[in-house]
Amino acid sequence: MNKKNVLVVLVALIMVFSLAACSGNNGGNKSEGEKATGNAPEAPNNSNTTPEVEEQLNPEPDVKELTVWSAGTEQALVLEAGKVFKEKYGIDVKFEDVGADKSFERMITDGPAGVGADVFLGVHNQIGVGTNAGIVLPNDFHEEETKANNNPMAIDAMTMDGLLYGYPLSVETIGVYYNKDLVPNGTAPTKWEDIISFAKEFNDVKAQKYAYMWQMGDLYWTWSFFSGYDAYIFGDNGNNVADIGLNSDAAVEAAKFYQSLKEILPLATADVTPDIRTSLFTSGKLAMNVSGPWQANEFKKDVKNVGLMEFPALPNGKVMKPFSGIKGFYVSANSKFPNASKLFAHLITSEEFQMKNFELFGNLPANNVAASSEKVTSDEFSATFLKIFANSVPMPKASEMTTLWNTHEATFATLWNDQADAKTVLDDWTVKIKDAIAVMNK
């Protein structure tokens, strides 16, 4: 070992012993990085170790205001969190109306331009797009706490290439609302064969009466049939885009059953929209309506005896598995104040604010304690949606999913409207997806 290396080792040893000797002081000095050290109020004192120093994250000294994006209809949550944040850190929070479905797309352009948000609400399936564009920071400082406090499915959905990016706020999926005054004995059928039998008696196309309705021309609303037959989009839980399962034997079997249901819903895919479903359901012409928790309060008000059930069992005996989405806040990689932004994202997704989110808007908590609270579990609809979520398939988050969203409507229209050969249609779709992925990854 040369003299230079010996000197380095000696300096390192001196620093270690100096830090150990100072561990009991007030720790007023802070590092220049994202993590600064401070006191550990009641650090456990193991016999063979000195007390650990608690890590703290502190806002940048020059931050006066953070810009936060969320949906305008849910502004109240951001404003309430902003008040607490202001009281704690003296930093203002500026709200801007950008919904979770548009935020990643906007941040790709607005972030680098310096006009984007510091913190923004987004849906987990856009993480691949966001990480490829380099616009989002990992949830690093609060990673372990976030993982410990939230639903494992939500954590996995917000993780990309081993890194956790989001701060989970809520989970959502879809279920089957039903009118108890219309279904047999006030209880919705739990098997598809029973739904089909009921539809043959209940349906009246001229009077626009239907037993069961969903948006059959849309991948999000229709994938539950395919996943119920164990079909998949990308292998390895949606992460292996080289393994495309859209034309597997399971997918073809699912497509054939899906096509057969045109007998009880003889409409074109373009004829079923959210507004049409809602209108028919609230007017008593639709017995069972597939929708999400965002319509729970509306249906409680407008449908006298409304219920919510899990999806019916398929002919193979398995229950359908719908897509699900996890909403959360993300920190912009272009923010001038990443520390303050991480602190706000952590605050607004805490157990307290996830409960406020539920109380204000009915959004289902991702936080384990909040989701198991009496307020949530005592609500029939919320409890049922959480059961459905546990059996759901989070939307794939790979950026290559854009190739499916760009082609799904034409594919399902061909399957449903034209009743074309399922194997041929799915083979053609798979080729289109592979070609599109090859182009986007050049």
# chains A, B, ... in the order shown; residues from 1 in each chain; ligands from 1
>>> residues_around(residues="Gly235 in chain A", least_positions_apart="4", cutoff="12 Å", atoms="only C-alpha atoms", output="PDB file with N, CA and C atoms, in the first residue's frame")
ATOM      1  N   ASP A 230     -57.277 -16.158 -18.562  1.00  0.00           N
ATOM      2  CA  ASP A 230     -55.821 -16.227 -18.359  1.00  0.00           C
ATOM      3  C   ASP A 230     -55.023 -15.738 -19.565  1.00  0.00           C
ATOM      4  N   ALA A 231     -55.627 -14.897 -20.377  1.00  0.00           N
ATOM      5  CA  ALA A 231     -54.870 -14.259 -21.451  1.00  0.00           C
ATOM      6  C   ALA A 231     -54.057 -13.104 -20.856  1.00  0.00           C
ATOM      7  N   ASN A 239     -44.391  -6.638 -18.111  1.00  0.00           N
ATOM      8  CA  ASN A 239     -43.080  -5.989 -18.246  1.00  0.00           C
ATOM      9  C   ASN A 239     -42.257  -6.491 -19.433  1.00  0.00           C
ATOM     10  N   ASN A 240     -42.569  -7.673 -19.937  1.00  0.00           N
ATOM     11  CA  ASN A 240     -41.790  -8.234 -21.048  1.00  0.00           C
ATOM     12  C   ASN A 240     -42.531  -7.983 -22.361  1.00  0.00           C
ATOM     13  N   VAL A 241     -42.210  -6.886 -23.021  1.00  0.00           N
ATOM     14  CA  VAL A 241     -42.935  -6.504 -24.235  1.00  0.00           C
ATOM     15  C   VAL A 241     -42.565  -7.378 -25.421  1.00  0.00           C
ATOM     16  N   ALA A 242     -41.525  -8.182 -25.287  1.00  0.00           N
ATOM     17  CA  ALA A 242     -41.159  -9.101 -26.364  1.00  0.00           C
ATOM     18  C   ALA A 242     -42.096 -10.306 -26.380  1.00  0.00           C
ATOM     19  N   ASP A 243     -42.788 -10.523 -25.268  1.00  0.00           N
ATOM     20  CA  ASP A 243     -43.727 -11.643 -25.158  1.00  0.00           C
ATOM     21  C   ASP A 243     -45.148 -11.090 -25.217  1.00  0.00           C
ATOM     22  N   ILE A 244     -45.759 -11.179 -26.390  1.00  0.00           N
ATOM     23  CA  ILE A 244     -47.112 -10.644 -26.591  1.00  0.00           C
ATOM     24  C   ILE A 244     -48.107 -11.799 -26.603  1.00  0.00           C
ATOM     25  N   GLY A 245     -49.106 -11.729 -25.724  1.00  0.00           N
ATOM     26  CA  GLY A 245     -50.041 -12.838 -25.584  1.00  0.00           C
ATOM     27  C   GLY A 245     -51.421 -12.567 -26.135  1.00  0.00           C
ATOM     28  N   LEU A 246     -51.549 -11.568 -26.992  1.00  0.00           N
ATOM     29  CA  LEU A 246     -52.865 -11.162 -27.485  1.00  0.00           C
ATOM     30  C   LEU A 246     -53.528 -12.191 -28.397  1.00  0.00           C
ATOM     31  N   SER A 248     -52.896 -15.625 -28.066  1.00  0.00           N
ATOM     32  CA  SER A 248     -52.717 -16.947 -27.476  1.00  0.00           C
ATOM     33  C   SER A 248     -54.021 -17.738 -27.556  1.00  0.00           C
ATOM     34  N   PRO A 396     -50.953  -2.431 -17.753  1.00  0.00           N
ATOM     35  CA  PRO A 396     -49.515  -2.447 -18.006  1.00  0.00           C
ATOM     36  C   PRO A 396     -48.964  -1.033 -18.122  1.00  0.00           C
ATOM     37  N   ALA A 398     -45.755  -0.305 -19.295  1.00  0.00           N
ATOM     38  CA  ALA A 398     -44.717  -0.159 -20.319  1.00  0.00           C
ATOM     39  C   ALA A 398     -45.159   0.880 -21.350  1.00  0.00           C
TER      40      ALA A 398
END
>>> closest_atom_pairs(of="range 312-361 of chain A", to="range 181-189 of chain A", cutoff="12 Å", atoms="only C-alpha atoms", output="JSON lines")
{"residue": "A:Pro312", "atom": "CA", "partner": "A:Pro189", "partner_atom": "CA", "distance": 7.2}
{"residue": "A:Ala313", "atom": "CA", "partner": "A:Pro189", "partner_atom": "CA", "distance": 9.5}
{"residue": "A:Leu314", "atom": "CA", "partner": "A:Pro189", "partner_atom": "CA", "distance": 11.8}
>>> residues_around(residues="Ala268 in chain A", least_positions_apart="5", cutoff="8 Å", atoms="only C-alpha atoms", output="ChimeraX atom specification")
/A:413,416-417
>>> residues_around(residues="Ala207 in chain A", least_positions_apart="3", cutoff="12 Å", atoms="only C-alpha atoms", output="list in words")
Phe202, Asn203, Asp204, Tyr210, Leu280, Ser283, Gly284, Lys285 and Leu286 of chain A
>>> write_last_selection(atoms="N, CA and C atoms", output="compact mmCIF listing (two decimals), in the first residue's frame")
# COMPACT_ATOMS: atom_id res chain seq x y z
N PHE A 202 -85.62 -10.30 -20.38
CA PHE A 202 -85.72 -8.88 -20.03
C PHE A 202 -85.56 -7.95 -21.22
N ASN A 203 -84.68 -8.29 -22.14
CA ASN A 203 -84.35 -7.38 -23.24
C ASN A 203 -85.55 -7.01 -24.10
N ASP A 204 -85.59 -5.76 -24.51
CA ASP A 204 -86.57 -5.26 -25.47
C ASP A 204 -85.87 -4.17 -26.27
N TYR A 210 -82.16 -3.32 -21.76
CA TYR A 210 -81.08 -4.30 -21.85
C TYR A 210 -80.74 -4.81 -20.45
N LEU A 280 -79.62 5.09 -19.57
CA LEU A 280 -80.46 3.89 -19.55
C LEU A 280 -80.57 3.33 -18.13
N SER A 283 -82.75 5.57 -15.84
CA SER A 283 -84.15 5.62 -16.27
C SER A 283 -84.85 4.27 -16.14
N GLY A 284 -84.14 3.28 -15.60
CA GLY A 284 -84.75 1.97 -15.36
C GLY A 284 -84.83 1.07 -16.57
N LYS A 285 -84.04 1.36 -17.61
CA LYS A 285 -84.06 0.53 -18.81
C LYS A 285 -82.86 -0.41 -18.91
N LEU A 286 -81.92 -0.27 -17.99
CA LEU A 286 -80.74 -1.12 -17.97
C LEU A 286 -80.63 -1.74 -16.58
>>> select_by_dssp(residues="range 60-128 of chain A", states="alpha helix (DSSP H)", output="PyMOL selection string")
chain A and resi 75-89+103-113+127-128
>>> residues_around(residues="Met216 in chain A", least_positions_apart="5", cutoff="8 Å", atoms="only C-alpha atoms", output="PDB file with C-alpha atoms, in the first residue's frame")
ATOM      1  CA  TRP A 221     -63.756  -2.132 -20.317  1.00  0.00           C
ATOM      2  CA  THR A 222     -63.419  -5.425 -22.186  1.00  0.00           C
ATOM      3  CA  THR A 269     -69.578  -0.693 -30.370  1.00  0.00           C
ATOM      4  CA  VAL A 272     -72.483   2.429 -26.290  1.00  0.00           C
ATOM      5  CA  PHE A 412     -62.813  -4.756 -31.011  1.00  0.00           C
ATOM      6  CA  TRP A 416     -67.916  -7.378 -32.256  1.00  0.00           C
TER       7      TRP A 416
END
>>> closest_residue(among="A:Ser224, A:Lys387, A:Leu169, A:Ser332", to="Gly134 in chain A", atoms="only C-alpha atoms")
A:Ser332
>>> residues_around(residues="range 69-73 of chain A", least_positions_apart="6", cutoff="6 Å", atoms="only C-alpha atoms", output="MDAnalysis selection string")
chainID A and resid 96:99 120:121
>>> residues_around(residues="Trp294 in chain A", least_positions_apart="3", cutoff="9 Å", atoms="only C-alpha atoms", output="VMD selection string")
chain A and resid 172 291 297 to 298 361 to 363
>>> write_last_selection(atoms="N, CA and C atoms", output="short mmCIF file (atom, residue, chain, number, x, y, z; two decimals), in the first residue's frame")
data_model
loop_
_atom_site.label_atom_id
_atom_site.label_comp_id
_atom_site.auth_asym_id
_atom_site.auth_seq_id
_atom_site.Cartn_x
_atom_site.Cartn_y
_atom_site.Cartn_z
N GLU A 172 -58.46 2.36 -8.16
CA GLU A 172 -59.80 2.28 -8.75
C GLU A 172 -59.87 1.15 -9.76
N SER A 291 -69.47 0.03 -14.39
CA SER A 291 -68.88 1.36 -14.23
C SER A 291 -67.95 1.35 -13.03
N ASN A 297 -71.82 7.81 -6.08
CA ASN A 297 -72.74 8.78 -5.47
C ASN A 297 -73.89 9.13 -6.41
N GLU A 298 -73.57 9.22 -7.69
CA GLU A 298 -74.60 9.53 -8.68
C GLU A 298 -75.67 8.45 -8.72
N PHE A 361 -64.37 12.79 -1.98
CA PHE A 361 -64.70 12.37 -3.34
C PHE A 361 -65.03 10.88 -3.49
N GLY A 362 -64.91 10.12 -2.42
CA GLY A 362 -65.18 8.69 -2.51
C GLY A 362 -64.06 7.89 -3.14
N ASN A 363 -62.89 8.49 -3.32
CA ASN A 363 -61.76 7.78 -3.92
C ASN A 363 -61.19 6.76 -2.94
#
>>> closest_residue(among="A:Ser373, A:Phe385, A:His142, A:Leu79", to="Asp92 in chain A", atoms="only C-alpha atoms")
A:Leu79
>>> closest_residue(among="A:Val439, A:Ala81, A:Gln126, A:Glu263", to="Phe353 in chain A", atoms="only C-alpha atoms")
A:Ala81
